[in-house]
2 protein chains.
Amino acid sequence: MVSIDEVARAAGVSTATVSRALSGRGHVSAGAKAKVEEAAKSLGYVVSASASSLASGRTRNIGVLVPFLDRWFFSTVLSGIASALMRRGYDITLYSLTADRGERHDIFDTFLRRQRVDGVIAISLELGQEETERLVELDLPVIAIGGPNPLLTTLTVDDVAVARLATEHLLALGHRRIAHIGASPEFDIDFHIPTQRRQGFELALADAGIEVSPSLFEPADFTIEGGFRAAKQLLGKPGSRPTAIFAASDEMAIGALLAARELGYRVPEDLSVIGIDGHELGEFFRLTTVDQFPLGQGERAADAILEALESTDAETPVHRPGELPFELIVRGSTARLPQ
Amino acid sequence: MVSIDEVARAAGVSTATVSRALSGRGHVSAGAKAKVEEAAKSLGYVVSASASSLASGRTRNIGVLVPFLDRWFFSTVLSGIASALMRRGYDITLYSLTADRGERHDIFDTFLRRQRVDGVIAISLELGQEETERLVELDLPVIAIGGPNPLLTTLTVDDVAVARLATEHLLALGHRRIAHIGASPEFDIDFHIPTQRRQGFELALADAGIEVSPSLFEPADFTIEGGFRAAKQLLGKPGSRPTAIFAASDEMAIGALLAARELGYRVPEDLSVIGIDGHELGEFFRLTTVDQFPLGQGERAADAILEALESTDAETPVHRPGELPFELIVRGSTARLPQ
DNA sequence: CGAGGGAGTGTAAGCGCTTGCAGTATGCTG
DNA sequence: CAGCATACTGCAAGCGCTTACACTCCCTCG
């Protein structure tokens, strides 16, 4: 491995100048800079991450905490983070949080404390009180996406407004018996998003003067299969069935689509279905949805963390509620209620 | 941040002993070890990754190269890698390879050369000649999963045998007109897996004395949507339609399932469908498949890289073809051909 | 024209660990 | 019991960078 001394010798300057020229910190004359870059390039010099980190205290590395790697939403956000950080020369270290108490503990107590990262991004994480504290104790910039956490700077979409928009879309099409597939309230202990969506749904109904009927709610686990089961329940119950279903995620909405099909209901003629997320399969299933641009969320989180890194001012947790964009995408799964 | 000196002082030993006690290298008496561990714990000491790396040359960090983060197969393999490495105390830094030439170049020329990782795992990567060379030049252990690459130690499943197994399952059920959805041959330049699957398919047919008909092949891009389109083509063509479809991935098979349904064919009564992968949605769609245990592939890759790290002997690229397990999982999408 | 200030550079002191070497204590072998 | 191997420990020299500080120019301003 070629070291900074060799580059310095080749360029005829001191190692200090090489360091300054290559990192862009401090003053270096144009001439010296050119010589250094030339020498570095021809020798194939790349600065050693550990030496640089040890000396400077900066790692150029961001830790990313993810609850599930294999769910579309999370891997898409991660993808956005990865590309944005890479463009800025940052590496990303991945910490996949399982449900396993011990493993989680290790991550917060050991992995994150190795001074390997300059900052942390936590994706829609349901963090315990203690875990959040550990995170704060790291004394690093932390950006959380989703799951508002009062102790952390959080990027969120206004989930109440998102759900409201979806519901109002159905209302505008003339639907009155609208069912909702979401998470059960006991889920809410540390993860508020599903509940907020449900709130938005109920607020929209209330505004339209429609009473919320408990029989038009069905909990599910945010998977296609869960949505499928929930929709079967909703559509199979005797009594007047819903004319529209609002699912709190696109995956559940797709499940609902499949359930409707299997029961012989045509979408959108007999049943309208809307989801939330902007899932890649949405187009294929012609699913109307409220897109929340997960790729963009990742990119924003990356930008936010870099910004926090650059401004050294006091790191006050900032919660800018509802700052992330969302948009209604009308496709073929919703239609006007037949008169 | 508490440093090793404080621990040494608290434990009443030298920093050398602390280092040895905590890392498990070299001899330390049981008493000293206990004192050190006690002191480290009560002070909340965690060794600094950069200082340790700089001094020892070991980073306890593995780089993982992934082509797509948001495809189920890759994120599942990644998940397997992540959990296996974490158990051993290793961090993982993620390098997501886009199609962008420039970005890829950066990864191989800069990111990977920062001495940030002890080894590299490449998941089903279509690497160019030059990229492979760069990887080899790193002089680090490299494990590739899938996509046999003669220059790298590779973990593969025997894709010919996998495809053969899937095809033979259909043959055993009495099917004779079997269609295949795979990748087009021009894809093969640097990515052999789809072609091998096609080979296995054709070999199985040949063994059964069935002629391979070009009209029973349709290329697709390994997505649900691609499989859907391909299946529509295959089923829509006038002339005798296939009684079974073998798709080279579960996602394409699911697409085929949906296409069949939409065209009014019942699965498995009118059409049998089989895929490859072991996709999480397989169960939901009652899809018969050949599972290749992607989670396990990730774990094996992690084990392999750690093994390579521990044995310092010559790093000869070893290609152990077909060493990864696979298994036919019969669910509800395949059935005996009606007599 | 002198003071003040910024640009450009080098020297050298670390950053926080690991580990070769040396020294001592202890146990084993013949 | 000498001789030697092995266990344990500490000292101190780095690992390959960054950056405070010192110094020299040179330009600007009053």
# chains A, B, ... in the order shown; residues from 1 in each chain; ligands from 1
>>> interface_residues(of="chain D", to="chain A", cutoff="9 Å", atoms="only C-alpha atoms (C1' of nucleotides)", output="ChimeraX atom specification")
/D:15-19
>>> write_last_selection(atoms="N, CA and C atoms (P, O5', C5', C4', C3', O3' and C1' of nucleotides)", output="PDB file, in the first residue's frame")
ATOM      1  P    DC D  15       5.618   2.154  11.220  1.00  0.00           P
ATOM      2  O5'  DC D  15       4.052   1.949  11.088  1.00  0.00           O
ATOM      3  C5'  DC D  15       3.430   0.696  11.291  1.00  0.00           C
ATOM      4  C4'  DC D  15       1.944   0.907  11.279  1.00  0.00           C
ATOM      5  C3'  DC D  15       1.508   2.045  10.367  1.00  0.00           C
ATOM      6  O3'  DC D  15       1.042   1.481   9.146  1.00  0.00           O
ATOM      7  C1'  DC D  15       0.443   2.193  12.544  1.00  0.00           C
ATOM      8  P    DG D  16       1.715   1.993   7.778  1.00  0.00           P
ATOM      9  O5'  DG D  16       0.856   3.281   7.425  1.00  0.00           O
ATOM     10  C5'  DG D  16      -0.549   3.179   7.374  1.00  0.00           C
ATOM     11  C4'  DG D  16      -1.129   4.560   7.441  1.00  0.00           C
ATOM     12  C3'  DG D  16      -0.531   5.553   6.453  1.00  0.00           C
ATOM     13  O3'  DG D  16      -1.608   6.263   5.894  1.00  0.00           O
ATOM     14  C1'  DG D  16      -0.461   6.448   8.600  1.00  0.00           C
ATOM     15  P    DC D  17      -1.487   7.224   4.693  1.00  0.00           P
ATOM     16  O5'  DC D  17      -2.686   8.203   5.039  1.00  0.00           O
ATOM     17  C5'  DC D  17      -2.435   9.513   5.478  1.00  0.00           C
ATOM     18  C4'  DC D  17      -3.213   9.751   6.732  1.00  0.00           C
ATOM     19  C3'  DC D  17      -3.487  11.208   6.976  1.00  0.00           C
ATOM     20  O3'  DC D  17      -4.833  11.469   6.646  1.00  0.00           O
ATOM     21  C1'  DC D  17      -2.493  10.177   8.910  1.00  0.00           C
ATOM     22  P    DT D  18      -5.267  12.953   6.301  1.00  0.00           P
ATOM     23  O5'  DT D  18      -5.200  13.700   7.717  1.00  0.00           O
ATOM     24  C5'  DT D  18      -6.188  13.403   8.671  1.00  0.00           C
ATOM     25  C4'  DT D  18      -5.994  14.311   9.864  1.00  0.00           C
ATOM     26  C3'  DT D  18      -6.201  15.790   9.570  1.00  0.00           C
ATOM     27  O3'  DT D  18      -6.939  16.294  10.687  1.00  0.00           O
ATOM     28  C1'  DT D  18      -4.065  15.448  10.516  1.00  0.00           C
ATOM     29  P    DT D  19      -7.667  17.683  10.594  1.00  0.00           P
ATOM     30  O5'  DT D  19      -6.682  18.627  11.415  1.00  0.00           O
ATOM     31  C5'  DT D  19      -6.322  18.235  12.739  1.00  0.00           C
ATOM     32  C4'  DT D  19      -5.260  19.175  13.257  1.00  0.00           C
ATOM     33  C3'  DT D  19      -5.397  20.626  12.793  1.00  0.00           C
ATOM     34  O3'  DT D  19      -4.969  21.445  13.875  1.00  0.00           O
ATOM     35  C1'  DT D  19      -3.284  19.845  12.225  1.00  0.00           C
TER      36       DT D  19
END
>>> calpha_fit_and_write(fixed="chain A", moving="chain B", output="CSV table (one decimal) with C-alpha atoms, in the first residue's frame")
chain,number,residue,atom,x,y,z
B,1,MET,CA,0.0,0.0,0.0
B,2,VAL,CA,1.3,3.3,-1.0
B,3,SER,CA,1.5,5.8,1.8
B,4,ILE,CA,1.3,9.6,2.0
B,5,ASP,CA,5.1,9.8,2.3
B,6,GLU,CA,5.6,8.3,-1.1
B,7,VAL,CA,3.2,10.8,-2.5
B,8,ALA,CA,4.9,13.6,-0.7
B,9,ARG,CA,8.3,12.6,-2.1
B,10,ALA,CA,7.0,12.2,-5.6
B,11,ALA,CA,5.3,15.6,-5.5
B,12,GLY,CA,8.3,17.2,-3.9
B,13,VAL,CA,6.3,18.6,-0.9
B,14,SER,CA,5.7,17.6,2.7
B,15,THR,CA,3.1,15.1,3.9
B,16,ALA,CA,1.2,18.0,5.4
B,17,THR,CA,0.8,19.6,2.0
B,18,VAL,CA,-0.3,16.3,0.5
B,19,SER,CA,-2.9,15.9,3.2
B,20,ARG,CA,-4.2,19.4,2.8
B,21,ALA,CA,-4.2,19.2,-1.0
B,22,LEU,CA,-6.1,16.0,-1.1
B,23,SER,CA,-8.6,16.8,1.7
B,24,GLY,CA,-9.2,20.4,0.6
B,25,ARG,CA,-8.7,21.7,4.2
B,26,GLY,CA,-6.3,24.5,4.7
B,27,HIS,CA,-4.5,26.5,2.0
B,28,VAL,CA,-2.5,25.0,-0.8
B,29,SER,CA,-1.2,26.7,-3.9
B,30,ALA,CA,-2.7,25.7,-7.2
B,31,GLY,CA,0.7,24.4,-8.3
B,32,ALA,CA,1.3,22.3,-5.3
B,33,LYS,CA,-2.2,20.9,-5.5
B,34,ALA,CA,-1.7,19.9,-9.1
B,35,LYS,CA,1.6,18.2,-8.4
B,36,VAL,CA,0.1,16.3,-5.5
B,37,GLU,CA,-3.0,15.2,-7.4
B,38,GLU,CA,-0.8,14.1,-10.2
B,39,ALA,CA,1.5,12.1,-7.9
B,40,ALA,CA,-1.4,10.6,-6.0
B,41,LYS,CA,-3.1,9.5,-9.2
B,42,SER,CA,0.0,8.0,-10.8
B,43,LEU,CA,0.9,6.1,-7.6
B,44,GLY,CA,-2.7,5.0,-7.0
B,45,TYR,CA,-2.8,6.5,-3.6
B,46,VAL,CA,-5.9,6.3,-1.5
B,47,VAL,CA,-5.9,7.6,2.0
B,48,SER,CA,-6.2,5.0,4.7
B,49,ALA,CA,-9.5,5.3,6.4
B,50,SER,CA,-8.3,4.2,9.8
B,51,ALA,CA,-5.3,6.5,9.9
B,52,SER,CA,-7.3,9.4,8.7
B,53,SER,CA,-10.1,8.7,11.2
B,54,LEU,CA,-7.7,8.3,14.1
B,55,ALA,CA,-5.9,11.5,13.4
B,56,SER,CA,-8.9,13.6,12.5
B,57,GLY,CA,-11.8,12.2,14.4
B,58,ARG,CA,-13.8,12.1,11.2
B,59,THR,CA,-14.7,8.7,9.7
B,60,ARG,CA,-16.6,9.6,6.5
B,61,ASN,CA,-18.9,6.8,7.4
B,62,ILE,CA,-22.6,6.9,8.4
B,63,GLY,CA,-24.3,4.1,10.4
B,64,VAL,CA,-27.8,3.1,9.2
B,65,LEU,CA,-30.2,1.3,11.4
B,66,VAL,CA,-32.8,-0.7,9.7
B,67,PRO,CA,-35.5,-2.9,11.2
B,68,PHE,CA,-36.0,-5.2,8.2
B,69,LEU,CA,-33.7,-5.5,5.3
B,70,ASP,CA,-36.1,-7.5,3.2
B,71,ARG,CA,-39.2,-5.3,3.1
B,72,TRP,CA,-39.6,-3.2,0.1
B,73,PHE,CA,-40.1,0.1,1.9
B,74,PHE,CA,-37.0,-0.2,4.0
B,75,SER,CA,-34.7,-1.4,1.3
B,76,THR,CA,-35.9,1.4,-0.9
B,77,VAL,CA,-35.2,4.0,1.7
B,78,LEU,CA,-31.8,2.4,2.3
B,79,SER,CA,-31.2,2.5,-1.4
B,80,GLY,CA,-31.9,6.3,-1.4
B,81,ILE,CA,-29.5,6.8,1.5
B,82,ALA,CA,-26.8,4.7,-0.1
B,83,SER,CA,-26.7,6.5,-3.4
B,84,ALA,CA,-26.9,10.0,-1.8
B,85,LEU,CA,-24.1,9.3,0.6
B,86,MET,CA,-21.9,7.6,-2.0
B,87,ARG,CA,-22.0,10.7,-4.1
B,88,ARG,CA,-20.5,12.6,-1.3
B,89,GLY,CA,-17.8,10.1,-0.7
B,90,TYR,CA,-19.3,8.6,2.4
B,91,ASP,CA,-19.4,4.9,3.3
B,92,ILE,CA,-22.3,3.4,5.0
B,93,THR,CA,-22.3,0.7,7.6
B,94,LEU,CA,-25.4,-1.2,8.0
B,95,TYR,CA,-26.9,-2.3,11.3
B,96,SER,CA,-29.8,-4.6,10.9
B,97,LEU,CA,-31.9,-4.6,14.0
B,98,THR,CA,-33.6,-7.9,14.7
B,99,ALA,CA,-36.2,-8.5,17.4
B,100,ASP,CA,-33.6,-10.3,19.4
B,101,ARG,CA,-33.0,-8.3,22.6
B,102,GLY,CA,-29.4,-9.4,23.0
B,103,GLU,CA,-28.4,-8.5,19.5
B,104,ARG,CA,-30.1,-5.1,19.7
B,105,HIS,CA,-28.3,-4.5,22.9
B,106,ASP,CA,-25.0,-5.3,21.3
B,107,ILE,CA,-25.6,-2.8,18.5
B,108,PHE,CA,-26.3,0.0,20.8
B,109,ASP,CA,-23.7,-0.9,23.4
B,110,THR,CA,-20.8,-2.0,21.3
B,111,PHE,CA,-21.2,-1.6,17.5
B,112,LEU,CA,-22.2,1.9,17.5
B,113,ARG,CA,-19.7,3.0,20.2
B,114,ARG,CA,-16.7,1.9,18.3
B,115,GLN,CA,-16.3,5.3,16.8
B,116,ARG,CA,-16.7,3.9,13.4
B,117,VAL,CA,-19.4,6.4,12.3
B,118,ASP,CA,-19.8,10.1,12.2
B,119,GLY,CA,-23.6,10.0,12.3
B,120,VAL,CA,-26.5,7.7,12.4
B,121,ILE,CA,-29.7,7.4,10.4
B,122,ALA,CA,-32.5,5.3,11.8
B,123,ILE,CA,-35.2,4.2,9.5
B,124,SER,CA,-38.7,3.9,10.9
B,125,LEU,CA,-37.4,2.4,14.0
B,126,GLU,CA,-39.4,1.4,17.0
B,127,LEU,CA,-36.8,2.2,19.5
B,128,GLY,CA,-37.1,1.6,23.2
B,129,GLN,CA,-36.6,4.3,25.7
B,130,GLU,CA,-33.2,3.0,26.7
B,131,GLU,CA,-32.1,2.5,23.1
B,132,THR,CA,-33.0,6.1,22.3
B,133,GLU,CA,-31.0,7.3,25.2
B,134,ARG,CA,-28.0,5.2,24.1
B,135,LEU,CA,-28.3,6.8,20.7
B,136,VAL,CA,-28.4,10.3,22.2
B,137,GLU,CA,-25.4,9.5,24.4
B,138,LEU,CA,-23.3,8.7,21.4
B,139,ASP,CA,-23.1,12.4,20.9
B,140,LEU,CA,-23.4,12.1,17.2
B,141,PRO,CA,-25.9,13.6,14.8
B,142,VAL,CA,-28.8,11.2,14.5
B,143,ILE,CA,-31.6,11.5,11.9
B,144,ALA,CA,-34.7,9.4,12.3
B,145,ILE,CA,-37.1,8.7,9.4
B,146,GLY,CA,-40.7,8.2,10.4
B,147,GLY,CA,-41.8,7.2,13.8
B,148,PRO,CA,-41.6,10.6,15.5
B,149,ASN,CA,-39.3,10.4,18.5
B,150,PRO,CA,-39.1,13.5,20.6
B,151,LEU,CA,-35.5,12.9,21.5
B,152,LEU,CA,-34.3,12.7,17.9
B,153,THR,CA,-34.3,14.9,14.9
B,154,THR,CA,-37.0,13.3,12.8
B,155,LEU,CA,-38.0,13.4,9.2
B,156,THR,CA,-41.7,12.5,8.8
B,157,VAL,CA,-44.5,12.8,6.4
B,158,ASP,CA,-47.7,14.0,7.9
B,159,ASP,CA,-49.4,10.6,8.2
B,160,VAL,CA,-52.6,12.0,9.3
B,161,ALA,CA,-52.8,14.2,6.2
B,162,VAL,CA,-51.7,11.3,4.0
B,163,ALA,CA,-54.5,9.1,5.3
B,164,ARG,CA,-56.9,12.0,5.0
B,165,LEU,CA,-56.0,12.5,1.4
B,166,ALA,CA,-56.5,8.8,0.6
B,167,THR,CA,-59.9,8.8,2.3
B,168,GLU,CA,-61.0,12.0,0.7
B,169,HIS,CA,-60.2,10.6,-2.7
B,170,LEU,CA,-62.6,7.8,-2.0
B,171,LEU,CA,-65.2,10.2,-0.6
B,172,ALA,CA,-65.0,12.4,-3.6
B,173,LEU,CA,-65.7,9.4,-5.7
B,174,GLY,CA,-69.0,9.0,-3.8
B,175,HIS,CA,-68.0,6.2,-1.5
B,176,ARG,CA,-69.7,6.1,1.9
B,177,ARG,CA,-69.0,2.6,3.2
B,178,ILE,CA,-65.2,2.8,3.3
B,179,ALA,CA,-63.3,0.1,5.2
B,180,HIS,CA,-59.8,0.5,6.6
B,181,ILE,CA,-57.0,-2.0,6.9
B,182,GLY,CA,-54.4,-0.8,9.4
B,183,ALA,CA,-52.5,-1.9,12.5
B,184,SER,CA,-54.1,-2.8,15.7
B,185,PRO,CA,-53.8,-0.1,18.4
B,186,GLU,CA,-51.7,-2.2,20.8
B,187,PHE,CA,-49.0,-1.8,18.1
B,188,ASP,CA,-48.9,1.8,18.9
B,189,ILE,CA,-46.7,1.6,22.0
B,190,ASP,CA,-43.7,2.7,20.2
B,191,PHE,CA,-44.7,3.0,16.6
B,192,HIS,CA,-47.3,5.7,15.9
B,193,ILE,CA,-47.5,5.7,12.1
B,194,PRO,CA,-50.3,3.2,11.6
B,195,THR,CA,-52.4,4.9,14.3
B,196,GLN,CA,-51.9,8.3,12.7
B,197,ARG,CA,-53.1,6.9,9.4
B,198,ARG,CA,-56.2,5.6,11.1
B,199,GLN,CA,-56.7,8.9,12.7
B,200,GLY,CA,-56.5,10.7,9.3
B,201,PHE,CA,-59.0,8.2,8.0
B,202,GLU,CA,-61.5,8.8,10.8
B,203,LEU,CA,-61.1,12.5,10.7
B,204,ALA,CA,-61.8,12.6,7.0
B,205,LEU,CA,-64.9,10.5,7.6
B,206,ALA,CA,-66.0,12.7,10.4
B,207,ASP,CA,-65.6,15.8,8.2
B,208,ALA,CA,-67.9,14.2,5.7
B,209,GLY,CA,-70.4,13.5,8.3
B,210,ILE,CA,-70.0,9.7,8.2
B,211,GLU,CA,-70.0,7.7,11.3
B,212,VAL,CA,-67.0,5.4,11.8
B,213,SER,CA,-68.1,1.8,12.1
B,214,PRO,CA,-65.8,-0.6,14.0
B,215,SER,CA,-67.0,-3.4,11.6
B,216,LEU,CA,-65.2,-1.5,8.8
B,217,PHE,CA,-61.8,-1.8,10.4
B,218,GLU,CA,-59.6,-4.8,10.1
B,219,PRO,CA,-56.0,-5.0,11.5
B,220,ALA,CA,-53.2,-6.6,9.5
B,221,ASP,CA,-49.4,-6.8,9.5
B,222,PHE,CA,-48.5,-4.7,6.5
B,223,THR,CA,-47.8,-7.6,4.2
B,224,ILE,CA,-49.6,-8.7,1.1
B,225,GLU,CA,-50.8,-11.8,2.9
B,226,GLY,CA,-52.1,-9.7,5.8
B,227,GLY,CA,-54.0,-7.4,3.5
B,228,PHE,CA,-55.4,-10.4,1.7
B,229,ARG,CA,-56.8,-11.9,4.9
B,230,ALA,CA,-58.1,-8.6,6.2
B,231,ALA,CA,-59.9,-7.9,2.9
B,232,LYS,CA,-61.5,-11.3,2.9
B,233,GLN,CA,-62.8,-10.6,6.3
B,234,LEU,CA,-64.2,-7.2,5.4
B,235,LEU,CA,-65.7,-8.4,2.1
B,236,GLY,CA,-67.0,-11.7,3.5
B,237,LYS,CA,-69.0,-10.5,6.4
B,238,PRO,CA,-72.7,-10.7,5.8
B,239,GLY,CA,-74.4,-7.3,5.9
B,240,SER,CA,-73.7,-4.4,3.6
B,241,ARG,CA,-70.2,-4.7,2.4
B,242,PRO,CA,-67.8,-1.8,1.9
B,243,THR,CA,-67.6,-0.2,-1.5
B,244,ALA,CA,-64.1,0.9,-0.9
B,245,ILE,CA,-61.0,-0.2,1.1
B,246,PHE,CA,-58.3,2.1,2.2
B,247,ALA,CA,-55.2,0.1,3.3
B,248,ALA,CA,-52.4,1.7,5.3
B,249,SER,CA,-49.8,0.3,3.0
B,250,ASP,CA,-49.6,-0.6,-0.7
B,251,GLU,CA,-48.6,-4.2,0.1
B,252,MET,CA,-51.8,-4.6,2.1
B,253,ALA,CA,-53.7,-2.9,-0.7
B,254,ILE,CA,-52.3,-5.4,-3.2
B,255,GLY,CA,-53.4,-8.2,-0.9
B,256,ALA,CA,-56.9,-6.6,-0.8
B,257,LEU,CA,-56.9,-6.5,-4.6
B,258,LEU,CA,-56.2,-10.1,-4.8
B,259,ALA,CA,-58.8,-11.0,-2.2
B,260,ALA,CA,-61.4,-9.1,-4.0
B,261,ARG,CA,-60.6,-10.8,-7.2
B,262,GLU,CA,-60.7,-14.2,-5.6
B,263,LEU,CA,-64.1,-13.4,-4.1
B,264,GLY,CA,-65.4,-12.4,-7.5
B,265,TYR,CA,-65.5,-8.7,-7.0
B,266,ARG,CA,-64.3,-6.5,-9.8
B,267,VAL,CA,-61.9,-3.7,-9.0
B,268,PRO,CA,-62.8,-0.9,-9.4
B,269,GLU,CA,-66.4,-1.6,-10.6
B,270,ASP,CA,-67.5,-3.4,-7.4
B,271,LEU,CA,-64.8,-2.2,-5.1
B,272,SER,CA,-62.3,0.6,-5.0
B,273,VAL,CA,-58.9,0.1,-3.3
B,274,ILE,CA,-56.3,2.6,-2.3
B,275,GLY,CA,-53.0,2.2,-0.5
B,276,ILE,CA,-50.1,4.2,0.8
B,277,ASP,CA,-46.4,4.1,-0.1
B,278,GLY,CA,-45.7,4.2,-3.8
B,279,HIS,CA,-44.7,0.6,-4.0
B,280,GLU,CA,-43.0,-0.5,-7.2
B,281,LEU,CA,-45.7,-3.1,-7.9
B,282,GLY,CA,-48.3,-0.4,-7.7
B,283,GLU,CA,-48.1,0.4,-11.4
B,284,PHE,CA,-48.4,-3.3,-12.3
B,285,PHE,CA,-51.5,-3.7,-10.2
B,286,ARG,CA,-52.9,-0.4,-11.4
B,287,LEU,CA,-53.2,0.6,-7.7
B,288,THR,CA,-54.2,4.0,-6.7
B,289,THR,CA,-52.0,5.2,-3.9
B,290,VAL,CA,-50.6,8.1,-1.9
B,291,ASP,CA,-46.9,8.0,-2.8
B,292,GLN,CA,-44.5,9.0,-0.1
B,293,PHE,CA,-41.4,8.7,-2.2
B,294,PRO,CA,-39.3,6.4,-0.1
B,295,LEU,CA,-36.3,6.8,-2.3
B,296,GLY,CA,-36.5,10.5,-1.8
B,297,GLN,CA,-36.9,10.0,2.0
B,298,GLY,CA,-33.6,8.2,2.0
B,299,GLU,CA,-31.9,10.9,0.1
B,300,ARG,CA,-33.3,13.6,2.3
B,301,ALA,CA,-32.1,11.8,5.4
B,302,ALA,CA,-28.7,11.5,3.9
B,303,ASP,CA,-28.6,15.2,3.1
B,304,ALA,CA,-29.8,16.0,6.6
B,305,ILE,CA,-27.2,14.0,8.3
B,306,LEU,CA,-24.4,15.6,6.2
B,307,GLU,CA,-25.8,19.0,7.0
B,308,ALA,CA,-25.8,18.2,10.6
B,309,LEU,CA,-22.2,17.0,10.3
B,310,GLU,CA,-21.1,20.2,8.6
B,311,SER,CA,-22.7,22.7,10.9
B,312,THR,CA,-21.1,22.1,14.3
B,313,ASP,CA,-23.6,24.1,16.1
B,314,ALA,CA,-25.7,22.7,19.0
B,315,GLU,CA,-27.4,19.5,18.0
B,316,THR,CA,-30.9,20.2,19.2
B,317,PRO,CA,-33.4,17.6,18.2
B,318,VAL,CA,-35.6,19.1,15.6
B,319,HIS,CA,-38.8,17.7,14.7
B,320,ARG,CA,-40.2,19.2,11.5
B,321,PRO,CA,-43.5,17.4,11.3
B,322,GLY,CA,-44.9,16.7,7.9
B,323,GLU,CA,-42.0,18.0,6.0
B,324,LEU,CA,-41.7,15.1,3.7
B,325,PRO,CA,-43.7,15.3,0.5
B,326,PHE,CA,-46.5,12.9,-0.6
B,327,GLU,CA,-48.8,12.8,-3.5
B,328,LEU,CA,-52.0,11.1,-4.6
B,329,ILE,CA,-51.4,8.8,-7.6
B,330,VAL,CA,-54.7,7.9,-9.2
B,331,ARG,CA,-54.5,4.6,-11.2
B,332,GLY,CA,-57.1,2.0,-12.0
B,333,SER,CA,-58.1,0.6,-8.6
B,334,THR,CA,-60.5,3.4,-7.6
B,335,ALA,CA,-63.5,4.6,-9.4
B,336,ARG,CA,-66.8,6.5,-8.9
B,337,LEU,CA,-69.4,4.6,-7.0
B,338,PRO,CA,-72.0,3.4,-9.4
B,339,GLN,CA,-75.2,5.5,-8.8
>>> select_by_dssp(residues="range 62-165 of chain B", states="strand (DSSP E)", output="compact mmCIF listing (two decimals) with C-alpha atoms, in the first residue's frame")
# COMPACT_ATOMS: atom_id res chain seq x y z
CA ILE B 62 -16.61 -6.69 5.71
CA GLY B 63 -17.57 -4.90 2.53
CA VAL B 64 -20.65 -6.19 0.76
CA LEU B 65 -21.24 -5.44 -2.90
CA VAL B 66 -24.86 -5.60 -4.01
CA ASP B 91 -19.52 -4.64 10.96
CA ILE B 92 -20.63 -4.54 7.39
CA THR B 93 -20.27 -1.67 5.01
CA LEU B 94 -22.54 -1.65 2.10
CA TYR B 95 -21.60 -0.83 -1.45
CA SER B 96 -24.57 -0.61 -3.70
CA GLY B 119 -12.75 -8.78 3.09
CA VAL B 120 -15.43 -8.46 0.45
CA ILE B 121 -18.57 -10.38 -0.38
CA ALA B 122 -20.04 -9.82 -3.82
CA ILE B 123 -23.64 -10.89 -4.32
CA VAL B 142 -13.26 -12.08 -1.69
CA ILE B 143 -16.26 -14.36 -1.76
CA ALA B 144 -18.73 -14.18 -4.62
CA ILE B 145 -22.21 -15.61 -4.43
CA THR B 153 -13.81 -17.84 -4.82
CA THR B 154 -17.43 -18.43 -5.62
CA LEU B 155 -20.36 -19.99 -3.85
CA THR B 156 -22.92 -21.26 -6.31
CA VAL B 157 -25.86 -23.51 -6.50
>>> atom_distance(atom1="C1' of DA20 in chain D", atom2="C1' of DG8 in chain C")
15.4 Å
>>> interface_residues(of="chain C", to="chain A", cutoff="12 Å", atoms="only C-alpha atoms (C1' of nucleotides)", output="ChimeraX atom specification")
/C:6-17
>>> write_last_selection(atoms="C-alpha atoms (C1' of nucleotides)", output="PDB file, in the first residue's frame")
ATOM      1  C1'  DG C   6      -3.745  36.271   4.889  1.00  0.00           C
ATOM      2  C1'  DA C   7      -1.786  32.665   1.904  1.00  0.00           C
ATOM      3  C1'  DG C   8       1.295  28.877   1.573  1.00  0.00           C
ATOM      4  C1'  DT C   9       4.341  25.626   3.567  1.00  0.00           C
ATOM      5  C1'  DG C  10       6.936  22.610   6.805  1.00  0.00           C
ATOM      6  C1'  DT C  11       7.870  20.558  11.408  1.00  0.00           C
ATOM      7  C1'  DA C  12       6.483  17.618  14.594  1.00  0.00           C
ATOM      8  C1'  DA C  13       3.278  16.189  18.080  1.00  0.00           C
ATOM      9  C1'  DG C  14      -0.090  13.431  18.635  1.00  0.00           C
ATOM     10  C1'  DC C  15      -4.683  10.318  17.535  1.00  0.00           C
ATOM     11  C1'  DG C  16      -5.584   5.406  20.647  1.00  0.00           C
ATOM     12  C1'  DC C  17      -4.443   1.392  19.963  1.00  0.00           C
TER      13       DC C  17
END
>>> select_by_dssp(residues="range 38-252 of chain B", states="helix (DSSP H, G or I)", output="JSON, numbers by chain")
{"B": [38, 39, 40, 41, 42, 43, 49, 50, 51, 52, 53, 54, 55, 56, 72, 73, 74, 75, 76, 77, 78, 79, 80, 81, 82, 83, 84, 85, 86, 87, 101, 102, 103, 104, 105, 106, 107, 108, 109, 111, 112, 113, 129, 130, 131, 132, 133, 134, 135, 136, 137, 159, 160, 161, 162, 163, 164, 165, 166, 167, 168, 169, 170, 171, 172, 185, 186, 187, 188, 189, 193, 194, 195, 196, 197, 198, 199, 200, 201, 202, 203, 204, 205, 206, 207, 214, 215, 216, 224, 225, 226, 227, 228, 229, 230, 231, 232, 233, 234, 235, 236, 250, 251, 252]}
>>> atom_distance(atom1="C1' of DA5 in chain D", atom2="C1' of DA22 in chain C")
16.0 Å
>>> atom_distance(atom1="C1' of DA2 in chain D", atom2="C1' of DA25 in chain C")
16.8 Å
